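Since the structure comes first, as structure tokens, the remarks are kept for the end.
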Amino acid sequence: MTWPLVAVAALWGAAAGALLPRAAYRFSVPSAEPWRAACPDGHTLHGWLGRARCGRCVPTQDAGTVVATRRGTAVATGRTKAKGKPYGPGGPLLPTVTALVCAALAAATGTRPELAVWLLLAPVGVLLAVVDLRVRRLPDPLTIPFAVAAPALLGAVAFVPEHAGDWPRAALGALALGVAYYLLWLINPGGMGFGDVKLALGAGAVLGWYGWDTVLLGTCAGFLLGALYGGVLVLLGKAGRKTAIPFGPFLIAGAYAGLLIGAYTA
């Protein structure tokens with residue numbers, strides 16, 4: 001059943017990822033600014049999920065559009081690309097990334113019931129990473145529900161037979177990682193945002209489900225990835241040693257890496 005399960009998980013990820021662009025656009029504003037409520041042309045946006053494309057903006061024409069003359073009147077014979085203009089992240093990137101993440105989680109977890117939790121949380125993690133990369137902000141409407149939902153959902157899964165984790169350890173993992181990041185924030189508030197602290201609560205619960213080794217592995221992986229990214233920027237001359245970088249994507253990537261290994265070895 002592994003490959004059919006992986007295929008279903010990939011389809012779920014692709015469908016969920018296709019709903020993220022509008023939320024990514026609306027949440028991608030600098031700290032202390034209100035969430036975007038309109039497209040760049042000022043049209044009000046309704047809802048948070050869906051494509052980042054405004055149906056009331058003037059549609060664009062294909063490059064191959066030709067103009068014919070019918071009774072002296074110019075008529076555009078080409079087709080429009082799509083209704084409205086794109087205003088945020090589009091294309092296959094978000095669906096592809098989310099599908100790959102969900103497929104990898106399904107392959108590592110198999111038919112164990114906690115897979116349902118991973119598949120529900122994965123799109124939120126992808127969305128958080130995208131927003132933090134764009135504006136260095138981890139929105140409270142995403143991090144706080146993530147921090148609450150992760151241990152709550154795992155607590156429900158703990159009553160389902162054949163799970164491979166431990167809920168008290170997941171709760172302790174959330175507390176431990178949250179406290180650790182809070183101390184790091186107190187020591188160096190300029191190098192780490194408080195959004196990372198709130199995100200660490202959910203990540204700690206997810207990693208703690210499979211044990212303290214997984215917590216340590218996922219945490220170290222996040223810092224290693226962040227250090228490598230910063231080092232590359234320094235070598236390319238695009239950042240200095242004291243340049244702040246968004247750490248949320250690396251916290252999330254490290255948590256996924258630790259979760260994949262923990263699920264595979266459980």
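Within each chain, counting starts at residue 1; across the structure tokens, chains are named A, B, ... in the order shown, with ligands numbered 1 upward in that order.
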
Find the spatial neighbours of A:Tyr229, counting only C-alpha atoms, within a cut-off of 12 Å - ignore same-chain residues fewer than 6 positions away - and output them as an MDAnalysis selection string.
chainID A and resid 222:223 235:236 238:239 241 243:247 249:250

Report the closest atom pair, with its distance in Å rounded to one decimal, for each residue of stretch 147-216 of chain A that has an atom no farther than 12 Å from stretch 27-37 of chain A; count only C-alpha atoms, sort by chain and then rising residue number, and write it as a tab-separated table.
residue	atom	partner	partner_atom	distance
A:Gly193	CA	A:Ser31	CA	10.6
A:Phe194	CA	A:Ser31	CA	11.5
A:Gly195	CA	A:Ser31	CA	10.6

Point out the residue among A:Gly230, A:Gly204, A:Gly254, A:Gly125 with the least atom-to-atom distance to A:Ala174, counting only C-alpha atoms.
A:Gly204

Give me every strand (DSSP E) residue in stretch 22-264 of chain A, going by DSSP on the backbone, as a PyMOL selection string.
chain A and resi 53-54+67-70+73-76+85-86

Long-range neighbours of stretch 107-123 of chain A as a list of chain:residue names, 7 Å cut-off, only C-alpha atoms, 5 positions minimum in chain
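The residues satisfying every condition are A:Thr2, A:Val6, A:Ala16, A:Gly17, A:Thr98, A:Cys102, A:Leu153, A:Leu154, A:Val157, A:Val160, A:Glu162, A:His163, A:Leu260, A:Ala263, A:Tyr264.
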
Emit the selected residues as a JSON list (two decimals), in the first residue's frame, including all heavy atoms.
[["chain", "number", "residue", "atom", "x", "y", "z"],
["A", 2, "THR", "N", 2.18, 1.16, 0.06],
["A", 2, "THR", "CA", 3.00, 2.35, 0.22],
["A", 2, "THR", "C", 2.88, 3.31, -0.95],
["A", 2, "THR", "O", 2.62, 4.50, -0.77],
["A", 2, "THR", "CB", 4.47, 1.95, 0.41],
["A", 2, "THR", "OG1", 4.58, 1.12, 1.57],
["A", 2, "THR", "CG2", 5.32, 3.20, 0.61],
["A", 6, "VAL", "N", 1.52, 7.07, -1.09],
["A", 6, "VAL", "CA", 2.38, 8.20, -1.47],
["A", 6, "VAL", "C", 1.71, 9.02, -2.57],
["A", 6, "VAL", "O", 1.74, 10.26, -2.55],
["A", 6, "VAL", "CB", 3.76, 7.68, -1.93],
["A", 6, "VAL", "CG1", 4.58, 8.81, -2.56],
["A", 6, "VAL", "CG2", 4.51, 7.08, -0.75],
["A", 16, "ALA", "N", -3.63, 21.14, -1.86],
["A", 16, "ALA", "CA", -3.49, 22.11, -0.78],
["A", 16, "ALA", "C", -2.55, 23.24, -1.18],
["A", 16, "ALA", "O", -2.80, 24.41, -0.88],
["A", 16, "ALA", "CB", -2.98, 21.41, 0.48],
["A", 17, "GLY", "N", -1.45, 22.89, -1.85],
["A", 17, "GLY", "CA", -0.49, 23.91, -2.27],
["A", 17, "GLY", "C", -1.09, 24.89, -3.26],
["A", 17, "GLY", "O", -0.72, 26.07, -3.29],
["A", 98, "THR", "N", 4.67, 21.49, -1.94],
["A", 98, "THR", "CA", 3.79, 20.87, -0.95],
["A", 98, "THR", "C", 3.54, 19.40, -1.29],
["A", 98, "THR", "O", 3.48, 18.55, -0.39],
["A", 98, "THR", "CB", 2.45, 21.63, -0.88],
["A", 98, "THR", "OG1", 2.69, 23.02, -0.78],
["A", 98, "THR", "CG2", 1.65, 21.18, 0.34],
["A", 102, "CYS", "N", 4.55, 16.27, 1.20],
["A", 102, "CYS", "CA", 3.54, 15.31, 1.64],
["A", 102, "CYS", "C", 3.87, 13.89, 1.18],
["A", 102, "CYS", "O", 3.69, 12.92, 1.93],
["A", 102, "CYS", "CB", 2.16, 15.71, 1.13],
["A", 102, "CYS", "SG", 1.50, 17.20, 1.91],
["A", 153, "LEU", "N", -3.74, 17.55, 17.92],
["A", 153, "LEU", "CA", -4.00, 16.48, 16.96],
["A", 153, "LEU", "C", -3.24, 15.21, 17.32],
["A", 153, "LEU", "O", -3.76, 14.09, 17.19],
["A", 153, "LEU", "CB", -3.61, 16.95, 15.56],
["A", 153, "LEU", "CG", -4.50, 18.03, 14.94],
["A", 153, "LEU", "CD1", -3.89, 18.54, 13.63],
["A", 153, "LEU", "CD2", -5.91, 17.51, 14.70],
["A", 154, "LEU", "N", -2.01, 15.38, 17.78],
["A", 154, "LEU", "CA", -1.23, 14.21, 18.18],
["A", 154, "LEU", "C", -1.83, 13.56, 19.43],
["A", 154, "LEU", "O", -1.77, 12.33, 19.59],
["A", 154, "LEU", "CB", 0.22, 14.60, 18.43],
["A", 154, "LEU", "CG", 1.02, 14.96, 17.18],
["A", 154, "LEU", "CD1", 2.39, 15.52, 17.54],
["A", 154, "LEU", "CD2", 1.19, 13.74, 16.27],
["A", 157, "VAL", "N", -4.47, 11.35, 18.10],
["A", 157, "VAL", "CA", -3.90, 10.18, 17.45],
["A", 157, "VAL", "C", -3.39, 9.17, 18.47],
["A", 157, "VAL", "O", -3.36, 7.96, 18.20],
["A", 157, "VAL", "CB", -2.76, 10.61, 16.49],
["A", 157, "VAL", "CG1", -1.96, 9.42, 15.99],
["A", 157, "VAL", "CG2", -3.33, 11.39, 15.32],
["A", 160, "VAL", "N", -5.46, 6.20, 18.86],
["A", 160, "VAL", "CA", -5.68, 5.34, 17.71],
["A", 160, "VAL", "C", -4.63, 4.22, 17.72],
["A", 160, "VAL", "O", -3.44, 4.48, 17.91],
["A", 160, "VAL", "CB", -5.58, 6.14, 16.39],
["A", 160, "VAL", "CG1", -5.83, 5.23, 15.19],
["A", 160, "VAL", "CG2", -6.57, 7.29, 16.41],
["A", 162, "GLU", "N", -1.85, 1.43, 16.67],
["A", 162, "GLU", "CA", -0.76, 1.32, 15.71],
["A", 162, "GLU", "C", 0.01, 2.62, 15.48],
["A", 162, "GLU", "O", 0.79, 2.72, 14.54],
["A", 162, "GLU", "CB", -1.26, 0.77, 14.36],
["A", 162, "GLU", "CG", -1.84, -0.63, 14.47],
["A", 162, "GLU", "CD", -2.25, -1.19, 13.11],
["A", 162, "GLU", "OE1", -1.95, -0.54, 12.09],
["A", 162, "GLU", "OE2", -2.84, -2.28, 13.10],
["A", 163, "HIS", "N", -0.20, 3.63, 16.31],
["A", 163, "HIS", "CA", 0.66, 4.80, 16.18],
["A", 163, "HIS", "C", 2.04, 4.47, 16.74],
["A", 163, "HIS", "O", 2.19, 3.54, 17.54],
["A", 163, "HIS", "CB", 0.05, 6.00, 16.92],
["A", 163, "HIS", "CG", 0.03, 5.83, 18.42],
["A", 163, "HIS", "ND1", -1.04, 5.23, 19.08],
["A", 163, "HIS", "CD2", 0.93, 6.16, 19.37],
["A", 163, "HIS", "CE1", -0.78, 5.23, 20.37],
["A", 163, "HIS", "NE2", 0.40, 5.78, 20.59],
["A", 260, "LEU", "N", 11.14, 13.23, 9.09],
["A", 260, "LEU", "CA", 11.27, 12.15, 8.10],
["A", 260, "LEU", "C", 12.13, 11.01, 8.63],
["A", 260, "LEU", "O", 11.76, 9.84, 8.50],
["A", 260, "LEU", "CB", 11.88, 12.71, 6.81],
["A", 260, "LEU", "CG", 10.97, 13.58, 5.95],
["A", 260, "LEU", "CD1", 11.77, 14.20, 4.80],
["A", 260, "LEU", "CD2", 9.80, 12.79, 5.41],
["A", 263, "ALA", "N", 10.23, 9.30, 11.57],
["A", 263, "ALA", "CA", 9.13, 8.46, 11.10],
["A", 263, "ALA", "C", 9.66, 7.19, 10.44],
["A", 263, "ALA", "O", 9.09, 6.10, 10.61],
["A", 263, "ALA", "CB", 8.26, 9.24, 10.11],
["A", 264, "TYR", "N", 10.74, 7.33, 9.68],
["A", 264, "TYR", "CA", 11.28, 6.17, 8.97],
["A", 264, "TYR", "C", 11.86, 5.14, 9.92],
["A", 264, "TYR", "O", 11.77, 3.92, 9.68],
["A", 264, "TYR", "CB", 12.35, 6.64, 8.00],
["A", 264, "TYR", "CG", 12.91, 5.55, 7.12],
["A", 264, "TYR", "CD1", 12.19, 5.07, 6.03],
["A", 264, "TYR", "CD2", 14.14, 4.98, 7.41],
["A", 264, "TYR", "CE1", 12.70, 4.04, 5.24],
["A", 264, "TYR", "CE2", 14.65, 3.96, 6.62],
["A", 264, "TYR", "CZ", 13.92, 3.50, 5.54],
["A", 264, "TYR", "OH", 14.44, 2.49, 4.75]]

Using only C-alpha atoms, which protein or nucleic acid residues come within 10 Å of A:Arg22? Drop anything in the same chain fewer than 4 positions from it, and give the result as a PDB file with all heavy atoms, in the first residue's frame.
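Contents of out-v2.pdb, freshly written:
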ATOM      1  N   ALA A  18      -2.027  24.431  -4.090  1.00  0.00           N
ATOM      2  CA  ALA A  18      -2.673  25.319  -5.063  1.00  0.00           C
ATOM      3  C   ALA A  18      -3.551  26.364  -4.388  1.00  0.00           C
ATOM      4  O   ALA A  18      -3.902  27.377  -5.010  1.00  0.00           O
ATOM      5  CB  ALA A  18      -3.510  24.492  -6.039  1.00  0.00           C
ATOM      6  N   ARG A  26      -1.368  37.787   0.915  1.00  0.00           N
ATOM      7  CA  ARG A  26      -2.016  38.611   1.935  1.00  0.00           C
ATOM      8  C   ARG A  26      -1.197  38.690   3.222  1.00  0.00           C
ATOM      9  O   ARG A  26      -1.192  39.722   3.901  1.00  0.00           O
ATOM     10  CB  ARG A  26      -3.424  38.073   2.225  1.00  0.00           C
ATOM     11  CG  ARG A  26      -4.365  38.148   1.022  1.00  0.00           C
ATOM     12  CD  ARG A  26      -5.813  37.909   1.411  1.00  0.00           C
ATOM     13  NE  ARG A  26      -6.286  38.975   2.294  1.00  0.00           N
ATOM     14  CZ  ARG A  26      -7.531  39.049   2.756  1.00  0.00           C
ATOM     15  NH1 ARG A  26      -8.422  38.127   2.405  1.00  0.00           N
ATOM     16  NH2 ARG A  26      -7.895  40.032   3.556  1.00  0.00           N
ATOM     17  N   PHE A  27      -0.496  37.606   3.564  1.00  0.00           N
ATOM     18  CA  PHE A  27       0.312  37.611   4.778  1.00  0.00           C
ATOM     19  C   PHE A  27       1.689  38.251   4.584  1.00  0.00           C
ATOM     20  O   PHE A  27       2.353  38.590   5.571  1.00  0.00           O
ATOM     21  CB  PHE A  27       0.511  36.179   5.289  1.00  0.00           C
ATOM     22  CG  PHE A  27      -0.644  35.639   6.077  1.00  0.00           C
ATOM     23  CD1 PHE A  27      -1.262  34.457   5.708  1.00  0.00           C
ATOM     24  CD2 PHE A  27      -1.114  36.300   7.198  1.00  0.00           C
ATOM     25  CE1 PHE A  27      -2.323  33.940   6.439  1.00  0.00           C
ATOM     26  CE2 PHE A  27      -2.175  35.798   7.942  1.00  0.00           C
ATOM     27  CZ  PHE A  27      -2.780  34.614   7.561  1.00  0.00           C
ATOM     28  N   SER A  28       2.136  38.409   3.349  1.00  0.00           N
ATOM     29  CA  SER A  28       3.503  38.889   3.099  1.00  0.00           C
ATOM     30  C   SER A  28       3.585  40.406   3.172  1.00  0.00           C
ATOM     31  O   SER A  28       3.741  41.107   2.167  1.00  0.00           O
ATOM     32  CB  SER A  28       3.992  38.392   1.732  1.00  0.00           C
ATOM     33  OG  SER A  28       4.126  36.988   1.733  1.00  0.00           O
ATOM     34  N   ARG A  36      -2.737  42.332   3.820  1.00  0.00           N
ATOM     35  CA  ARG A  36      -3.249  42.905   2.578  1.00  0.00           C
ATOM     36  C   ARG A  36      -4.721  42.522   2.381  1.00  0.00           C
ATOM     37  O   ARG A  36      -5.093  41.363   2.535  1.00  0.00           O
ATOM     38  CB  ARG A  36      -2.437  42.398   1.393  1.00  0.00           C
ATOM     39  CG  ARG A  36      -1.033  42.978   1.330  1.00  0.00           C
ATOM     40  CD  ARG A  36      -0.407  42.654  -0.015  1.00  0.00           C
ATOM     41  NE  ARG A  36       0.904  43.253  -0.153  1.00  0.00           N
ATOM     42  CZ  ARG A  36       2.050  42.582  -0.150  1.00  0.00           C
ATOM     43  NH1 ARG A  36       2.026  41.264  -0.007  1.00  0.00           N
ATOM     44  NH2 ARG A  36       3.194  43.203  -0.295  1.00  0.00           N
ATOM     45  N   CYS A  39      -5.789  43.764  -4.064  1.00  0.00           N
ATOM     46  CA  CYS A  39      -4.738  43.492  -5.039  1.00  0.00           C
ATOM     47  C   CYS A  39      -3.964  44.781  -5.307  1.00  0.00           C
ATOM     48  O   CYS A  39      -4.380  45.863  -4.862  1.00  0.00           O
ATOM     49  CB  CYS A  39      -5.350  42.940  -6.322  1.00  0.00           C
ATOM     50  SG  CYS A  39      -6.178  44.190  -7.339  1.00  0.00           S
ATOM     51  N   LEU A  45      -9.968  41.941  -1.932  1.00  0.00           N
ATOM     52  CA  LEU A  45      -9.806  40.492  -2.008  1.00  0.00           C
ATOM     53  C   LEU A  45     -10.775  39.819  -1.042  1.00  0.00           C
ATOM     54  O   LEU A  45     -10.933  40.270   0.095  1.00  0.00           O
ATOM     55  CB  LEU A  45      -8.371  40.093  -1.662  1.00  0.00           C
ATOM     56  CG  LEU A  45      -7.282  40.621  -2.590  1.00  0.00           C
ATOM     57  CD1 LEU A  45      -5.903  40.217  -2.065  1.00  0.00           C
ATOM     58  CD2 LEU A  45      -7.473  40.092  -4.001  1.00  0.00           C
ATOM     59  N   HIS A  46     -11.372  38.741  -1.494  1.00  0.00           N
ATOM     60  CA  HIS A  46     -12.315  38.002  -0.652  1.00  0.00           C
ATOM     61  C   HIS A  46     -11.745  36.605  -0.396  1.00  0.00           C
ATOM     62  O   HIS A  46     -11.420  35.875  -1.323  1.00  0.00           O
ATOM     63  CB  HIS A  46     -13.679  37.896  -1.328  1.00  0.00           C
ATOM     64  CG  HIS A  46     -14.317  39.233  -1.618  1.00  0.00           C
ATOM     65  ND1 HIS A  46     -14.875  40.020  -0.638  1.00  0.00           N
ATOM     66  CD2 HIS A  46     -14.453  39.929  -2.783  1.00  0.00           C
ATOM     67  CE1 HIS A  46     -15.346  41.123  -1.168  1.00  0.00           C
ATOM     68  NE2 HIS A  46     -15.105  41.101  -2.472  1.00  0.00           N
ATOM     69  N   GLY A  47     -11.641  36.252   0.871  1.00  0.00           N
ATOM     70  CA  GLY A  47     -11.131  34.938   1.222  1.00  0.00           C
ATOM     71  C   GLY A  47      -9.614  34.906   1.262  1.00  0.00           C
ATOM     72  O   GLY A  47      -8.923  35.816   0.796  1.00  0.00           O
ATOM     73  N   TRP A  48      -9.107  33.815   1.842  1.00  0.00           N
ATOM     74  CA  TRP A  48      -7.661  33.665   2.027  1.00  0.00           C
ATOM     75  C   TRP A  48      -7.068  32.556   1.186  1.00  0.00           C
ATOM     76  O   TRP A  48      -5.846  32.494   1.033  1.00  0.00           O
ATOM     77  CB  TRP A  48      -7.372  33.396   3.507  1.00  0.00           C
ATOM     78  CG  TRP A  48      -7.590  34.609   4.352  1.00  0.00           C
ATOM     79  CD1 TRP A  48      -8.777  35.044   4.876  1.00  0.00           C
ATOM     80  CD2 TRP A  48      -6.608  35.551   4.749  1.00  0.00           C
ATOM     81  NE1 TRP A  48      -8.590  36.199   5.580  1.00  0.00           N
ATOM     82  CE2 TRP A  48      -7.270  36.541   5.526  1.00  0.00           C
ATOM     83  CE3 TRP A  48      -5.234  35.666   4.541  1.00  0.00           C
ATOM     84  CZ2 TRP A  48      -6.596  37.624   6.090  1.00  0.00           C
ATOM     85  CZ3 TRP A  48      -4.558  36.747   5.100  1.00  0.00           C
ATOM     86  CH2 TRP A  48      -5.231  37.712   5.868  1.00  0.00           C
ATOM     87  N   LEU A  49      -7.881  31.672   0.674  1.00  0.00           N
ATOM     88  CA  LEU A  49      -7.367  30.535  -0.064  1.00  0.00           C
ATOM     89  C   LEU A  49      -7.695  30.661  -1.544  1.00  0.00           C
ATOM     90  O   LEU A  49      -8.763  31.147  -1.919  1.00  0.00           O
ATOM     91  CB  LEU A  49      -7.965  29.232   0.483  1.00  0.00           C
ATOM     92  CG  LEU A  49      -7.663  28.924   1.951  1.00  0.00           C
ATOM     93  CD1 LEU A  49      -8.358  27.640   2.372  1.00  0.00           C
ATOM     94  CD2 LEU A  49      -6.173  28.833   2.204  1.00  0.00           C
ATOM     95  N   GLY A  50      -6.760  30.225  -2.372  1.00  0.00           N
ATOM     96  CA  GLY A  50      -6.993  30.236  -3.811  1.00  0.00           C
ATOM     97  C   GLY A  50      -5.820  30.830  -4.562  1.00  0.00           C
ATOM     98  O   GLY A  50      -4.758  31.116  -3.992  1.00  0.00           O
ATOM     99  N   ARG A  51      -6.008  31.041  -5.854  1.00  0.00           N
ATOM    100  CA  ARG A  51      -4.950  31.596  -6.683  1.00  0.00           C
ATOM    101  C   ARG A  51      -4.743  33.075  -6.383  1.00  0.00           C
ATOM    102  O   ARG A  51      -5.671  33.764  -5.976  1.00  0.00           O
ATOM    103  CB  ARG A  51      -5.291  31.435  -8.163  1.00  0.00           C
ATOM    104  CG  ARG A  51      -5.425  29.997  -8.630  1.00  0.00           C
ATOM    105  CD  ARG A  51      -5.612  29.944 -10.128  1.00  0.00           C
ATOM    106  NE  ARG A  51      -6.749  30.762 -10.555  1.00  0.00           N
ATOM    107  CZ  ARG A  51      -6.974  31.121 -11.809  1.00  0.00           C
ATOM    108  NH1 ARG A  51      -6.140  30.750 -12.756  1.00  0.00           N
ATOM    109  NH2 ARG A  51      -8.038  31.846 -12.116  1.00  0.00           N
ATOM    110  N   ALA A  52      -3.526  33.544  -6.598  1.00  0.00           N
ATOM    111  CA  ALA A  52      -3.223  34.965  -6.449  1.00  0.00           C
ATOM    112  C   ALA A  52      -3.468  35.644  -7.786  1.00  0.00           C
ATOM    113  O   ALA A  52      -2.527  36.055  -8.482  1.00  0.00           O
ATOM    114  CB  ALA A  52      -1.782  35.153  -5.982  1.00  0.00           C
ATOM    115  N   ARG A  53      -4.718  35.788  -8.144  1.00  0.00           N
ATOM    116  CA  ARG A  53      -5.090  36.366  -9.440  1.00  0.00           C
ATOM    117  C   ARG A  53      -6.395  37.133  -9.255  1.00  0.00           C
ATOM    118  O   ARG A  53      -7.354  36.608  -8.718  1.00  0.00           O
ATOM    119  CB  ARG A  53      -5.255  35.271 -10.485  1.00  0.00           C
ATOM    120  CG  ARG A  53      -5.524  35.780 -11.896  1.00  0.00           C
ATOM    121  CD  ARG A  53      -5.601  34.630 -12.876  1.00  0.00           C
ATOM    122  NE  ARG A  53      -4.313  34.005 -13.068  1.00  0.00           N
ATOM    123  CZ  ARG A  53      -3.398  34.410 -13.939  1.00  0.00           C
ATOM    124  NH1 ARG A  53      -3.648  35.474 -14.681  1.00  0.00           N
ATOM    125  NH2 ARG A  53      -2.258  33.788 -14.067  1.00  0.00           N
ATOM    126  N   CYS A  54      -6.392  38.385  -9.684  1.00  0.00           N
ATOM    127  CA  CYS A  54      -7.565  39.233  -9.508  1.00  0.00           C
ATOM    128  C   CYS A  54      -8.424  39.184 -10.760  1.00  0.00           C
ATOM    129  O   CYS A  54      -7.984  39.601 -11.844  1.00  0.00           O
ATOM    130  CB  CYS A  54      -7.150  40.669  -9.203  1.00  0.00           C
ATOM    131  SG  CYS A  54      -8.554  41.788  -8.990  1.00  0.00           S
ATOM    132  N   PRO A  86      -2.194  38.216 -12.360  1.00  0.00           N
ATOM    133  CA  PRO A  86      -1.603  37.658 -11.140  1.00  0.00           C
ATOM    134  C   PRO A  86      -1.021  38.770 -10.277  1.00  0.00           C
ATOM    135  O   PRO A  86      -0.507  39.756 -10.792  1.00  0.00           O
ATOM    136  CB  PRO A  86      -0.508  36.734 -11.680  1.00  0.00           C
ATOM    137  CG  PRO A  86      -0.163  37.296 -13.016  1.00  0.00           C
ATOM    138  CD  PRO A  86      -1.433  37.872 -13.563  1.00  0.00           C
ATOM    139  N   TYR A  87      -1.121  38.628  -8.965  1.00  0.00           N
ATOM    140  CA  TYR A  87      -0.592  39.651  -8.066  1.00  0.00           C
ATOM    141  C   TYR A  87       0.312  39.059  -6.980  1.00  0.00           C
ATOM    142  O   TYR A  87       0.820  39.777  -6.136  1.00  0.00           O
ATOM    143  CB  TYR A  87      -1.733  40.430  -7.400  1.00  0.00           C
ATOM    144  CG  TYR A  87      -2.757  39.564  -6.694  1.00  0.00           C
ATOM    145  CD1 TYR A  87      -2.495  39.011  -5.450  1.00  0.00           C
ATOM    146  CD2 TYR A  87      -3.989  39.304  -7.279  1.00  0.00           C
ATOM    147  CE1 TYR A  87      -3.428  38.224  -4.804  1.00  0.00           C
ATOM    148  CE2 TYR A  87      -4.927  38.522  -6.639  1.00  0.00           C
ATOM    149  CZ  TYR A  87      -4.645  37.993  -5.400  1.00  0.00           C
ATOM    150  OH  TYR A  87      -5.576  37.207  -4.768  1.00  0.00           O
ATOM    151  N   GLY A  88       0.480  37.765  -6.966  1.00  0.00           N
ATOM    152  CA  GLY A  88       1.311  37.123  -5.954  1.00  0.00           C
ATOM    153  C   GLY A  88       1.958  35.875  -6.513  1.00  0.00           C
ATOM    154  O   GLY A  88       1.987  35.666  -7.721  1.00  0.00           O
ATOM    155  N   PRO A  89       2.497  35.025  -5.648  1.00  0.00           N
ATOM    156  CA  PRO A  89       3.165  33.803  -6.116  1.00  0.00           C
ATOM    157  C   PRO A  89       2.201  32.909  -6.879  1.00  0.00           C
ATOM    158  O   PRO A  89       1.107  32.618  -6.419  1.00  0.00           O
ATOM    159  CB  PRO A  89       3.652  33.134  -4.823  1.00  0.00           C
ATOM    160  CG  PRO A  89       2.768  33.691  -3.749  1.00  0.00           C
ATOM    161  CD  PRO A  89       2.453  35.099  -4.186  1.00  0.00           C
ATOM    162  N   GLY A  90       2.590  32.514  -8.062  1.00  0.00           N
ATOM    163  CA  GLY A  90       1.740  31.653  -8.875  1.00  0.00           C
ATOM    164  C   GLY A  90       2.553  30.534  -9.488  1.00  0.00           C
ATOM    165  O   GLY A  90       3.676  30.264  -9.073  1.00  0.00           O
TER     166      GLY A  90
END

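The space between atom CA of A:Ala150 and atom CA of A:Leu216 spans 18.0 Å.
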
Neighbours of A:Ala266 within 8 Å (only C-alpha atoms; same-chain residues fewer than 4 positions away dropped), as a tab-separated table (two decimals) with all heavy atoms, in the first residue's frame?
chain	number	residue	atom	x	y	z
A	164	ALA	N	3.04	5.24	16.33
A	164	ALA	CA	4.41	4.91	16.70
A	164	ALA	C	5.06	5.95	17.60
A	164	ALA	O	6.26	5.91	17.81
A	164	ALA	CB	5.26	4.73	15.44
A	165	GLY	N	4.27	6.88	18.12
A	165	GLY	CA	4.85	7.95	18.91
A	165	GLY	C	4.36	7.95	20.34
A	165	GLY	O	3.68	7.03	20.80
A	210	TYR	N	8.35	11.48	18.14
A	210	TYR	CA	9.21	10.32	17.86
A	210	TYR	C	10.42	10.22	18.79
A	210	TYR	O	11.26	9.35	18.59
A	210	TYR	CB	9.68	10.35	16.41
A	210	TYR	CG	8.60	10.00	15.42
A	210	TYR	CD1	8.30	10.84	14.35
A	210	TYR	CD2	7.86	8.83	15.55
A	210	TYR	CE1	7.31	10.51	13.44
A	210	TYR	CE2	6.86	8.50	14.65
A	210	TYR	CZ	6.58	9.35	13.60
A	210	TYR	OH	5.59	9.02	12.71
A	262	GLY	N	12.81	10.43	11.85
A	262	GLY	CA	12.13	9.83	12.99
A	262	GLY	C	11.01	8.90	12.58
A	262	GLY	O	10.85	7.81	13.16

Could you give me, as a PyMOL selection string, the residues within 6 Å of stretch 130-133 of chain A, counting only C-alpha atoms and dropping anything in the same chain fewer than 3 positions from it?
chain A and resi 24+28+127+136-138+246

Go ahead and dump the residues you just picked, all heavy atoms, as a compact mmCIF listing (two decimals), in the first residue's frame.
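New file out.txt:
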# COMPACT_ATOMS: atom_id res chain seq x y z
N ALA A 24 -0.38 33.54 0.86
CA ALA A 24 1.01 34.00 0.87
C ALA A 24 1.09 35.47 0.53
O ALA A 24 1.87 36.23 1.13
CB ALA A 24 1.83 33.17 -0.12
N SER A 28 2.14 38.41 3.35
CA SER A 28 3.50 38.89 3.10
C SER A 28 3.59 40.41 3.17
O SER A 28 3.74 41.11 2.17
CB SER A 28 3.99 38.39 1.73
OG SER A 28 4.13 36.99 1.73
N LEU A 127 3.54 27.36 3.81
CA LEU A 127 3.07 28.75 3.77
C LEU A 127 3.91 29.64 4.69
O LEU A 127 4.30 30.75 4.31
CB LEU A 127 1.60 28.80 4.16
CG LEU A 127 0.96 30.19 4.22
CD1 LEU A 127 1.06 30.90 2.89
CD2 LEU A 127 -0.51 30.07 4.65
N ARG A 136 10.34 38.28 6.09
CA ARG A 136 10.91 38.04 7.43
C ARG A 136 9.85 38.25 8.52
O ARG A 136 10.04 38.97 9.50
CB ARG A 136 12.11 38.95 7.69
CG ARG A 136 13.33 38.64 6.83
CD ARG A 136 14.55 39.40 7.29
NE ARG A 136 14.83 39.09 8.67
CZ ARG A 136 15.35 39.98 9.54
NH1 ARG A 136 15.59 41.21 9.16
NH2 ARG A 136 15.58 39.63 10.79
N ARG A 137 8.74 37.57 8.35
CA ARG A 137 7.66 37.64 9.33
C ARG A 137 6.95 36.31 9.40
O ARG A 137 6.65 35.70 8.37
CB ARG A 137 6.67 38.75 8.94
CG ARG A 137 5.56 38.97 9.98
CD ARG A 137 4.64 40.09 9.53
NE ARG A 137 3.66 40.44 10.56
CZ ARG A 137 2.71 41.36 10.43
NH1 ARG A 137 2.62 42.03 9.29
NH2 ARG A 137 1.87 41.62 11.41
N LEU A 138 6.69 35.85 10.62
CA LEU A 138 5.92 34.62 10.86
C LEU A 138 4.60 35.03 11.50
O LEU A 138 4.55 35.34 12.69
CB LEU A 138 6.70 33.67 11.76
CG LEU A 138 7.97 33.07 11.14
CD1 LEU A 138 8.81 32.38 12.20
CD2 LEU A 138 7.61 32.09 10.03
N PRO A 246 15.99 35.38 7.51
CA PRO A 246 14.78 34.71 8.04
C PRO A 246 15.11 33.29 8.47
O PRO A 246 15.57 32.48 7.66
CB PRO A 246 13.82 34.74 6.85
CG PRO A 246 14.70 34.85 5.64
CD PRO A 246 15.89 35.65 6.07

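Proximity ranking of A:Ile187, A:Pro168, A:Gly237, A:Ala180 relative to A:Gly208 places A:Pro168 first, based on only C-alpha atoms.
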
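The coordinates place atom CA of A:Ala103 at 22.2 Å from atom CA of A:Thr219.
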
Work out how far apart atom CA of A:Ala15 and atom CA of A:Pro92 are and give it in Å to one decimal.
11.0 Å

Taking the backbone alone, and naming residues the way the document does, which bits of stretch 85-170 of chain A are helix (DSSP H, G or I) by DSSP, as a PyMOL selection string?
chain A and resi 93-109+115-135+140-157+167-170

Spatial neighbours of A:Val206, 8 Å, only C-alpha atoms, chain gap at least 5 places, as number ranges by chain:
A: 150-151, 170, 173-174, 255, 259
